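Dumped target_12.cif below, it's mmCIF, C-alpha atoms:
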```
data_run
#
loop_
_atom_site.label_atom_id
_atom_site.label_comp_id
_atom_site.auth_asym_id
_atom_site.auth_seq_id
_atom_site.Cartn_x
_atom_site.Cartn_y
_atom_site.Cartn_z
CA MET A 865 -88.43 78.57 177.81
CA ASN A 866 -91.99 78.76 178.98
CA VAL A 867 -93.22 77.21 175.75
CA ASN A 868 -90.74 74.33 176.02
CA PHE A 869 -91.82 73.67 179.56
CA PHE A 870 -95.42 73.56 178.41
CA PHE A 871 -94.70 71.08 175.64
CA ILE A 872 -92.61 68.80 177.82
CA THR A 873 -95.31 68.71 180.48
CA PHE A 874 -97.91 68.07 177.82
CA ALA A 875 -95.89 65.17 176.39
CA LEU A 876 -95.23 63.68 179.83
CA CYS A 877 -98.99 63.52 180.44
CA PHE A 878 -99.22 61.00 177.62
CA ILE A 879 -96.08 59.02 178.46
CA PHE A 880 -97.36 57.98 181.85
CA SER A 881 -101.01 57.50 180.92
CA GLN A 882 -102.52 54.05 180.60
CA PRO A 883 -105.32 53.11 178.22
CA ILE A 884 -108.66 53.02 180.01
CA LEU A 885 -109.97 49.47 179.92
CA ALA A 886 -113.61 48.53 180.01
CA VAL A 887 -112.81 45.08 181.40
CA GLU A 888 -113.47 45.37 185.11
CA PRO A 889 -111.32 43.60 187.71
CA ASP A 890 -114.08 41.23 188.82
CA GLU A 891 -114.40 39.87 185.28
CA ILE A 892 -110.76 38.86 184.87
CA LEU A 893 -110.01 35.14 185.07
CA VAL A 894 -107.25 33.75 187.29
CA ASN A 895 -106.06 31.43 184.52
CA GLN A 896 -103.87 33.73 182.39
CA ASN A 897 -104.15 31.51 179.33
CA LEU A 898 -107.97 31.54 179.37
CA GLU A 899 -108.02 35.26 180.12
CA ASN A 900 -105.82 35.93 177.08
CA ARG A 901 -108.16 33.89 174.90
CA ALA A 902 -111.18 35.75 176.31
CA ARG A 903 -109.51 39.09 175.49
CA GLU A 904 -108.69 37.91 171.98
CA ILE A 905 -112.29 36.82 171.34
CA SER A 906 -113.89 39.91 172.83
CA LYS A 907 -111.67 42.15 170.67
CA ASN A 908 -113.28 40.56 167.61
CA ILE A 909 -116.89 40.83 168.82
CA ARG A 910 -118.85 43.93 167.93
CA CYS A 911 -120.87 45.52 170.70
CA VAL A 912 -124.53 45.53 169.65
CA VAL A 913 -125.26 48.78 171.49
CA CYS A 914 -122.32 50.99 170.45
CA GLN A 915 -121.83 49.34 167.11
CA ASN A 916 -118.34 50.40 166.10
CA GLU A 917 -116.71 49.29 169.30
CA PRO A 918 -115.62 45.80 170.31
CA ILE A 919 -117.15 44.47 173.53
CA ASP A 920 -113.62 44.38 174.96
CA SER A 921 -113.56 48.18 175.24
CA SER A 922 -117.28 48.93 175.51
CA ASN A 923 -118.81 50.10 178.76
CA SER A 924 -122.37 49.07 177.90
CA GLY A 925 -124.23 46.60 180.08
CA VAL A 926 -124.74 44.03 177.34
CA ALA A 927 -121.03 44.15 176.47
CA ARG A 928 -120.14 43.38 180.09
CA ASP A 929 -122.66 40.51 180.19
CA LEU A 930 -121.19 39.09 177.00
CA ARG A 931 -117.61 39.37 178.31
CA ILE A 932 -118.60 37.43 181.42
CA LEU A 933 -120.48 34.88 179.31
CA ILE A 934 -117.44 34.34 177.06
CA ARG A 935 -115.26 33.69 180.12
CA GLU A 936 -117.81 31.25 181.53
CA ARG A 937 -117.89 29.30 178.31
CA LEU A 938 -114.09 29.18 178.14
CA LEU A 939 -113.98 27.90 181.73
CA ASN A 940 -116.43 25.18 180.71
CA GLY A 941 -114.00 24.04 178.04
CA ASP A 942 -115.37 25.72 174.91
CA THR A 943 -112.96 26.26 172.02
CA ASN A 944 -112.68 29.76 170.53
CA ASP A 945 -114.75 28.64 167.53
CA GLN A 946 -117.50 27.29 169.77
CA VAL A 947 -117.71 30.65 171.55
CA TYR A 948 -117.87 32.50 168.22
CA ASN A 949 -120.58 30.13 166.98
CA PHE A 950 -122.61 30.62 170.15
CA LEU A 951 -122.62 34.40 169.64
CA VAL A 952 -123.24 34.24 165.88
CA GLU A 953 -126.25 31.95 166.42
CA ARG A 954 -127.86 34.61 168.61
CA TYR A 955 -126.63 37.91 167.20
CA GLY A 956 -125.76 37.01 163.60
CA GLU A 957 -122.46 37.40 161.75
CA PHE A 958 -122.90 41.12 162.19
CA VAL A 959 -121.11 40.84 165.56
CA LEU A 960 -117.90 39.51 163.99
CA PHE A 961 -115.43 42.24 163.07
CA LYS A 962 -113.62 39.81 160.79
CA PRO A 963 -116.09 38.45 158.23
CA ARG A 964 -116.11 34.70 157.71
CA PHE A 965 -114.58 33.21 154.57
CA LYS A 966 -117.52 31.77 152.61
CA PRO A 967 -119.08 32.09 149.12
CA SER A 968 -121.01 35.28 149.93
CA THR A 969 -117.83 37.00 151.16
CA TYR A 970 -115.42 35.71 148.48
CA LEU A 971 -115.72 38.99 146.57
CA LEU A 972 -114.84 40.94 149.72
CA TRP A 973 -111.78 38.83 150.47
CA PHE A 974 -110.45 38.58 146.90
CA MET A 975 -111.15 42.15 145.76
CA PRO A 976 -107.75 43.57 146.82
CA PHE A 977 -105.92 40.87 144.85
CA LEU A 978 -108.20 41.29 141.84
CA LEU A 979 -107.67 45.07 141.85
CA PHE A 980 -103.91 44.58 142.21
CA MET A 981 -103.81 42.18 139.25
CA PHE A 982 -105.91 44.58 137.20
CA GLY A 983 -103.56 47.47 138.01
CA LEU A 984 -100.51 45.34 137.22
CA LEU A 985 -101.99 44.34 133.87
CA ILE A 986 -102.65 47.96 132.89
CA THR A 987 -99.18 49.08 134.06
CA VAL A 988 -97.43 46.35 132.07
CA LYS A 989 -99.49 47.17 128.99
CA VAL A 990 -98.79 50.91 129.15
CA LEU A 991 -95.06 50.40 129.78
CA LYS A 992 -94.76 47.95 126.88
CA LYS A 993 -96.47 50.34 124.51
CA SER A 994 -94.34 53.37 125.45
CA SER A 995 -91.09 51.41 125.04
CA LYS A 996 -92.11 50.43 121.52
CA THR A 997 -92.87 53.92 120.23
CA SER A 998 -89.84 55.82 121.56
CA ALA A 999 -86.64 55.77 119.48
CA PRO A 1000 -83.71 53.73 120.83
CA GLU A 1001 -81.00 55.87 122.41
CA GLY A 1002 -77.95 56.87 120.33
CA VAL A 1003 -79.45 56.03 116.92
CA LEU A 1004 -81.13 59.34 116.20
CA PHE A 1005 -79.78 59.43 112.66
CA THR A 1006 -79.13 56.80 110.05
CA ARG A 1007 -75.65 56.18 108.68
CA GLU A 1008 -76.52 58.02 105.44
CA GLU A 1009 -77.81 61.05 107.33
CA ILE A 1010 -74.64 61.28 109.43
CA LEU A 1011 -72.50 61.15 106.29
CA GLU A 1012 -74.59 63.94 104.75
CA ILE A 1013 -74.23 66.14 107.80
CA GLU A 1014 -70.45 65.62 107.83
CA ARG A 1015 -70.31 66.50 104.16
CA ASN A 1016 -72.25 69.72 104.76
CA ILE A 1017 -69.96 70.75 107.62
CA ASN A 1018 -66.87 70.03 105.56
CA ASN A 1019 -68.26 72.03 102.62
CA ARG A 1020 -68.93 75.04 104.86
CA ASP A 1021 -65.39 74.85 106.30
CA GLY A 1022 -63.98 74.70 102.79
CA GLY A 1023 -65.99 77.78 101.84
CA ASN A 1024 -64.22 79.97 104.36
CA MET B 1363 -108.95 48.73 122.74
CA LYS B 1364 -107.62 52.13 123.68
CA ARG B 1365 -111.07 53.73 123.49
CA VAL B 1366 -112.54 51.15 125.81
CA LEU B 1367 -109.89 51.98 128.41
CA PHE B 1368 -110.75 55.67 128.22
CA ILE B 1369 -114.38 54.93 129.09
CA PHE B 1370 -113.38 52.83 132.10
CA PRO B 1371 -112.82 55.69 134.62
CA LEU B 1372 -116.22 57.09 133.70
CA ILE B 1373 -117.88 53.73 134.30
CA ALA B 1374 -116.05 53.37 137.64
CA ALA B 1375 -117.09 56.87 138.75
CA LEU B 1376 -120.67 56.19 137.72
CA GLY B 1377 -120.68 52.92 139.65
CA ILE B 1378 -119.37 54.55 142.82
CA GLY B 1379 -121.87 57.39 142.39
CA LEU B 1380 -124.85 55.05 142.04
CA PHE B 1381 -123.68 53.00 145.03
CA SER B 1382 -123.53 56.20 147.10
CA VAL B 1383 -127.00 57.24 146.03
CA TRP B 1384 -128.31 53.82 147.07
CA GLY B 1385 -126.43 53.99 150.36
CA LEU B 1386 -127.33 57.52 151.38
CA THR B 1387 -130.97 57.80 150.39
CA GLY B 1388 -134.12 55.91 151.23
CA ASP B 1389 -135.05 54.20 154.45
CA ARG B 1390 -131.94 52.04 154.73
CA ASN B 1391 -130.57 52.31 158.26
CA PRO B 1392 -127.11 50.71 158.49
CA SER B 1393 -127.32 50.39 162.27
CA ASP B 1394 -130.42 48.17 162.06
CA ILE B 1395 -129.26 44.70 162.95
CA PRO B 1396 -131.22 41.92 161.31
CA SER B 1397 -132.23 39.31 163.88
CA ALA B 1398 -130.27 36.09 163.58
CA LEU B 1399 -133.29 34.21 164.94
CA LEU B 1400 -135.78 34.83 162.12
CA GLY B 1401 -137.29 31.55 160.95
CA LYS B 1402 -135.81 29.72 163.92
CA PRO B 1403 -137.55 28.16 166.91
CA ILE B 1404 -137.79 30.00 170.23
CA PRO B 1405 -134.38 29.88 171.96
CA ASN B 1406 -134.00 27.76 175.10
CA PHE B 1407 -134.74 29.62 178.31
CA LYS B 1408 -136.47 29.07 181.62
CA ILE B 1409 -137.22 31.90 184.05
CA GLU B 1410 -139.50 32.46 187.02
CA THR B 1411 -142.68 34.46 186.61
CA ILE B 1412 -144.09 37.42 188.44
CA MET B 1413 -147.67 38.71 188.70
CA THR B 1414 -148.87 35.68 186.77
CA GLU B 1415 -151.47 33.35 188.25
CA GLY B 1416 -151.15 29.62 187.79
CA ILE B 1417 -147.83 29.65 185.90
CA SER B 1418 -144.62 29.56 187.90
CA GLU B 1419 -142.16 29.23 185.03
CA LEU B 1420 -141.88 30.91 181.66
CA SER B 1421 -139.87 28.84 179.17
CA ASN B 1422 -139.46 28.13 175.46
CA ASN B 1423 -141.45 24.88 175.97
CA TYR B 1424 -144.34 26.78 177.52
CA LEU B 1425 -144.49 29.27 174.63
CA ALA B 1426 -144.08 26.61 171.92
CA ASN B 1427 -146.85 24.44 173.38
CA LEU B 1428 -149.41 27.26 173.35
CA GLU B 1429 -150.02 26.70 169.62
CA LYS B 1430 -151.12 30.29 169.41
CA ILE B 1431 -149.60 33.35 167.79
CA THR B 1432 -147.39 34.86 170.46
CA VAL B 1433 -145.89 38.28 170.98
CA VAL B 1434 -142.85 38.38 173.29
CA ASN B 1435 -141.97 41.82 174.59
CA PHE B 1436 -138.76 42.60 176.46
CA PHE B 1437 -139.18 45.53 178.83
CA ALA B 1438 -137.84 47.06 182.05
CA SER B 1439 -139.14 49.51 184.61
CA TRP B 1440 -135.96 51.59 184.14
CA CYS B 1441 -136.64 51.98 180.42
CA LEU B 1442 -138.50 55.10 179.36
CA PRO B 1443 -139.37 54.01 175.78
CA CYS B 1444 -141.01 50.93 177.38
CA LYS B 1445 -143.36 53.25 179.23
CA ALA B 1446 -144.12 55.00 175.93
CA GLU B 1447 -145.11 51.74 174.19
CA HIS B 1448 -147.12 50.44 177.15
CA SER B 1449 -150.47 51.56 175.72
CA SER B 1450 -149.59 49.95 172.36
CA LEU B 1451 -149.19 46.60 174.11
CA LYS B 1452 -152.54 47.02 175.86
CA LYS B 1453 -154.10 47.71 172.48
CA LEU B 1454 -152.48 44.64 170.91
CA LYS B 1455 -153.76 42.41 173.70
CA SER B 1456 -157.33 43.70 173.52
CA SER B 1457 -157.59 43.85 169.71
CA TYR B 1458 -156.09 40.55 168.59
CA ASP B 1459 -156.34 36.89 169.50
CA ILE B 1460 -152.73 36.55 170.64
CA HIS B 1461 -150.76 35.43 173.65
CA LEU B 1462 -148.75 38.36 174.99
CA ALA B 1463 -145.69 37.45 177.03
CA GLY B 1464 -143.54 40.03 178.78
CA ILE B 1465 -139.96 39.49 179.87
CA SER B 1466 -138.61 41.95 182.40
CA TYR B 1467 -134.97 42.48 181.42
CA LYS B 1468 -132.28 43.16 184.04
CA ASP B 1469 -134.73 44.62 186.49
CA LYS B 1470 -135.48 44.10 190.17
CA ARG B 1471 -138.47 42.00 191.16
CA ASN B 1472 -140.06 44.78 193.21
CA ASP B 1473 -139.44 47.47 190.60
CA THR B 1474 -141.12 45.33 187.96
CA SER B 1475 -144.18 44.57 190.08
CA ASN B 1476 -144.55 48.20 191.17
CA TRP B 1477 -144.25 49.38 187.59
CA LEU B 1478 -146.87 46.92 186.35
CA SER B 1479 -149.29 47.67 189.22
CA GLU B 1480 -149.00 51.36 188.51
CA LEU B 1481 -149.37 51.25 184.71
CA GLY B 1482 -151.50 48.13 184.47
CA ASN B 1483 -150.33 44.69 183.41
CA PRO B 1484 -150.96 44.10 179.71
CA TYR B 1485 -149.28 40.67 179.66
CA HIS B 1486 -150.77 37.17 179.92
CA VAL B 1487 -147.52 36.04 181.48
CA VAL B 1488 -144.52 37.96 182.82
CA GLY B 1489 -141.05 36.43 183.22
CA LEU B 1490 -138.12 37.82 185.18
CA ASP B 1491 -134.74 37.88 183.45
CA ILE B 1492 -132.73 39.34 186.31
CA SER B 1493 -129.30 38.27 185.03
CA GLY B 1494 -129.94 39.26 181.42
CA ARG B 1495 -128.98 35.79 180.18
CA THR B 1496 -132.38 35.16 178.59
CA GLY B 1497 -131.97 38.44 176.72
CA ILE B 1498 -128.68 37.18 175.30
CA GLU B 1499 -130.33 33.90 174.25
CA TRP B 1500 -132.85 35.98 172.29
CA GLY B 1501 -130.08 38.17 170.87
CA ILE B 1502 -131.46 41.45 172.15
CA SER B 1503 -129.30 44.57 172.32
CA GLY B 1504 -131.53 46.55 174.66
CA VAL B 1505 -135.14 47.20 175.64
CA PRO B 1506 -137.78 47.39 174.38
CA GLU B 1507 -137.62 44.65 171.77
CA THR B 1508 -140.63 42.76 170.50
CA PHE B 1509 -140.78 39.38 168.78
CA LEU B 1510 -143.61 37.90 166.73
CA ILE B 1511 -143.90 34.12 166.93
CA ASN B 1512 -146.12 32.01 164.71
CA LYS B 1513 -148.28 29.07 165.76
CA LYS B 1514 -145.48 26.60 165.07
CA GLY B 1515 -143.26 28.38 167.55
CA GLU B 1516 -140.95 30.03 164.99
CA ILE B 1517 -139.77 33.62 165.28
CA ILE B 1518 -141.01 35.51 162.24
CA TYR B 1519 -140.30 39.15 163.11
CA LYS B 1520 -138.34 41.22 165.56
CA PHE B 1521 -138.60 44.91 166.21
CA ALA B 1522 -136.06 46.85 168.29
CA GLY B 1523 -137.47 50.02 169.82
CA PRO B 1524 -140.87 51.19 171.05
CA LEU B 1525 -143.92 50.04 169.09
CA LEU B 1526 -145.32 53.44 168.22
CA GLY B 1527 -146.67 55.22 165.15
CA GLU B 1528 -145.84 53.59 161.83
CA ASN B 1529 -143.76 50.92 163.51
CA LEU B 1530 -146.86 49.81 165.40
CA VAL B 1531 -148.91 49.88 162.19
CA HIS B 1532 -146.28 47.72 160.48
CA PHE B 1533 -146.26 45.29 163.39
CA GLU B 1534 -150.07 45.07 163.38
CA ASN B 1535 -150.08 44.43 159.62
CA LEU B 1536 -147.67 41.53 160.03
CA LEU B 1537 -149.73 40.23 162.94
CA MET B 1538 -152.99 40.38 160.95
CA LEU B 1539 -151.30 38.65 158.01
CA GLU B 1540 -150.28 35.83 160.31
CA LEU B 1541 -153.72 35.62 161.95
CA ASN B 1542 -155.38 35.44 158.52
CA LYS B 1543 -153.13 32.56 157.47
CA GLU B 1544 -154.94 30.30 159.89
CA LYS B 1545 -158.37 30.91 158.47
#
```
Would you mind writing the structure in this file as structure tokens?
Amino acid sequence: MNVNFFFITFALCFIFSQPILAVEPDEILVNQNLENRAREISKNIRCVVCQNEPIDSSNSGVARDLRILIRERLLNGDTNDQVYNFLVERYGEFVLFKPRFKPSTYLLWFMPFLLFMFGLLITVKVLKKSSKTSAPEGVLFTREEILEIERNINNRDGGN
Amino acid sequence: MKRVLFIFPLIAALGIGLFSVWGLTGDRNPSDIPSALLGKPIPNFKIETIMTEGISELSNNYLANLEKITVVNFFASWCLPCKAEHSSLKKLKSSYDIHLAGISYKDKRNDTSNWLSELGNPYHVVGLDISGRTGIEWGISGVPETFLINKKGEIIYKFAGPLLGENLVHFENLLMLELNKEK
């Protein structure tokens, strides 16, 4: 009873909790559409201080400055791509969580498909080979062999 | 054909192994971010100056028109590593024929001037980046960061962190290389 109570209380703690957001109230734009775009962009921008975190959830000073800057640019009519380009020009493609599709990243983007095709090829080859070597079901003996076996059985019966 | 396939796992394991050796040893630091500005002109910026006689504005035009090898150092009075590299900057200024510009990053005017009066001002010109926007234009992630700019006004090197020990030696070597190019 006590244990159940503990677990239920423990679980309830998580049900009613909200994720802690780094975006502070004074940063949020009134225009919901622009705010959504700003959130989308800042989720794909790496924080240069705490490098495995997007600026959307980072509490560092630079991340906050960049979030505000992104919103300013959106208010001034920038497209999402223009905002990304602005940041890449200054911080390099390192800040993009999703690498751009270009010759130097082709290998990265196509590798899963290449590996899948390679695996498929090997699987098909192995399956084909194994089906060739195993004997077809129900034809374990030739007609002559079956006749010989029957003859032997009959002979033994006759012997009794 | 079959034999070749048997060797394949070995080759794959060897490949992964060698990649790991390359990745885990040596001086490679995966959190070092290469500057996106290398080989590019000084980014556009214009900020007011402090403790600088005769110059009221520090800008990319001002630095580009110097036609002198320039070192731009981002610092702040709230930054302890900046205090540690302070003597290195003094040494750079006195030892080499360079223009040393300081940009005070996200700091208060009074704090910056107090800090510089107390420790001594190693800079030819000091700019105030109170909002931090100039820092973003230069692509900095924190302070201190130091840029080396050639005579043509192109950024040729950036170092993030205090210029001390072997990092200072490396910076001085690059600086001397650039100074010798002119002769």
Tell me which residues the PyMOL selection byres ((chain A and resi 916-923) around 9) grabs here, as a ChimeraX atom specification.
-> /A:884-887,903-915,924-928,930-931,959,961
Would you put the residues from that selection into a file with C-alpha atoms, as a compact mmCIF listing (two decimals), in the frame of the given file?
```txt
# COMPACT_ATOMS: atom_id res chain seq x y z
CA ILE A 884 -108.66 53.02 180.01
CA LEU A 885 -109.97 49.47 179.92
CA ALA A 886 -113.61 48.53 180.01
CA VAL A 887 -112.81 45.08 181.40
CA ARG A 903 -109.51 39.09 175.49
CA GLU A 904 -108.69 37.91 171.98
CA ILE A 905 -112.29 36.82 171.34
CA SER A 906 -113.89 39.91 172.83
CA LYS A 907 -111.67 42.15 170.67
CA ASN A 908 -113.28 40.56 167.61
CA ILE A 909 -116.89 40.83 168.82
CA ARG A 910 -118.85 43.93 167.93
CA CYS A 911 -120.87 45.52 170.70
CA VAL A 912 -124.53 45.53 169.65
CA VAL A 913 -125.26 48.78 171.49
CA CYS A 914 -122.32 50.99 170.45
CA GLN A 915 -121.83 49.34 167.11
CA SER A 924 -122.37 49.07 177.90
CA GLY A 925 -124.23 46.60 180.08
CA VAL A 926 -124.74 44.03 177.34
CA ALA A 927 -121.03 44.15 176.47
CA ARG A 928 -120.14 43.38 180.09
CA LEU A 930 -121.19 39.09 177.00
CA ARG A 931 -117.61 39.37 178.31
CA VAL A 959 -121.11 40.84 165.56
CA PHE A 961 -115.43 42.24 163.07
```
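Once B:Phe1436 and its same-chain neighbours fewer than 4 positions away are set aside, Gly1464, Ile1465, Ser1466, Tyr1467, Val1505, Pro1506, Glu1507 and Thr1508 of chain B remain within 7 Å of it when counting all atoms listed in the file.
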Which chain B residues are at most 9 Å from chain A (counting all atoms listed in the file), as a list in words?
->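 Result, ordered by chain then number: Ser1393, Ile1395, Pro1396, Ser1397, Ala1398, Leu1399, Pro1405, Ser1493, Gly1494, Arg1495, Ile1498, Glu1499, Trp1500, Gly1501, Ile1502, Ser1503 and Gly1504 of chain B.
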Residue nearest B:Tyr1424 - candidates B:Ile1409, B:Ile1369, B:Ala1438, B:Ile1460, atoms counted: all atoms listed in the file =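 The shortest atom-to-atom distance to B:Tyr1424 comes from B:Ile1409.
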What does the distance from atom CA of B:Leu1376 to atom CA of A:Leu979 come to in Å, to one decimal?
->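 Going from atom CA of B:Leu1376 over to atom CA of A:Leu979 covers 17.6 Å.
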May I have the residues within 9 Å of B:Glu1447 as a PyMOL selection string, using all atoms listed in the file and disregarding those fewer than 2 positions away in the same chain?
-> chain B and resi 1443-1445+1449-1452+1506+1523-1526
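Considering only C-alpha atoms, the residue among B:Asp1491, B:Glu1480, B:Glu1516, B:Asp1473 positioned nearest to B:Lys1402 is B:Glu1516.
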Atom CA of B:Leu1454 and atom CA of B:Phe1407 are how many Å apart?
->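 Going from atom CA of B:Leu1454 over to atom CA of B:Phe1407, I get 24.4 Å.
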Given 5 Å on each side, where is the centre and what are the edge lengths in Å to one decimal of the axis-aligned box enclosing the listed atoms of stretch 892-899 of chain A, as lines of an AutoDock Vina configuration file?
```
center_x = -107.3
center_y = 35.1
center_z = 183.3
size_x = 16.9
size_y = 17.4
size_z = 18.0
```
What does the distance from atom CA of A:Glu936 to atom CA of A:Pro963 come to in Å, to one decimal?
-> 24.4 Å
Can you list, as a PyMOL selection string, every protein, DNA or RNA residue that comes within 12 Å of B:Leu1490 when you count all atoms listed in the file, leaving out same-chain residues fewer than 6 positions away?
-> chain B and resi 1407-1414+1418-1421+1435-1439+1463-1475+1496-1497
Using only C-alpha atoms, which residue out of B:Gly1489, B:Glu1528, B:Ser1457, B:Ile1517 lies closest to B:Ala1426?
->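 The answer is B:Ile1517, which sits nearest to B:Ala1426.
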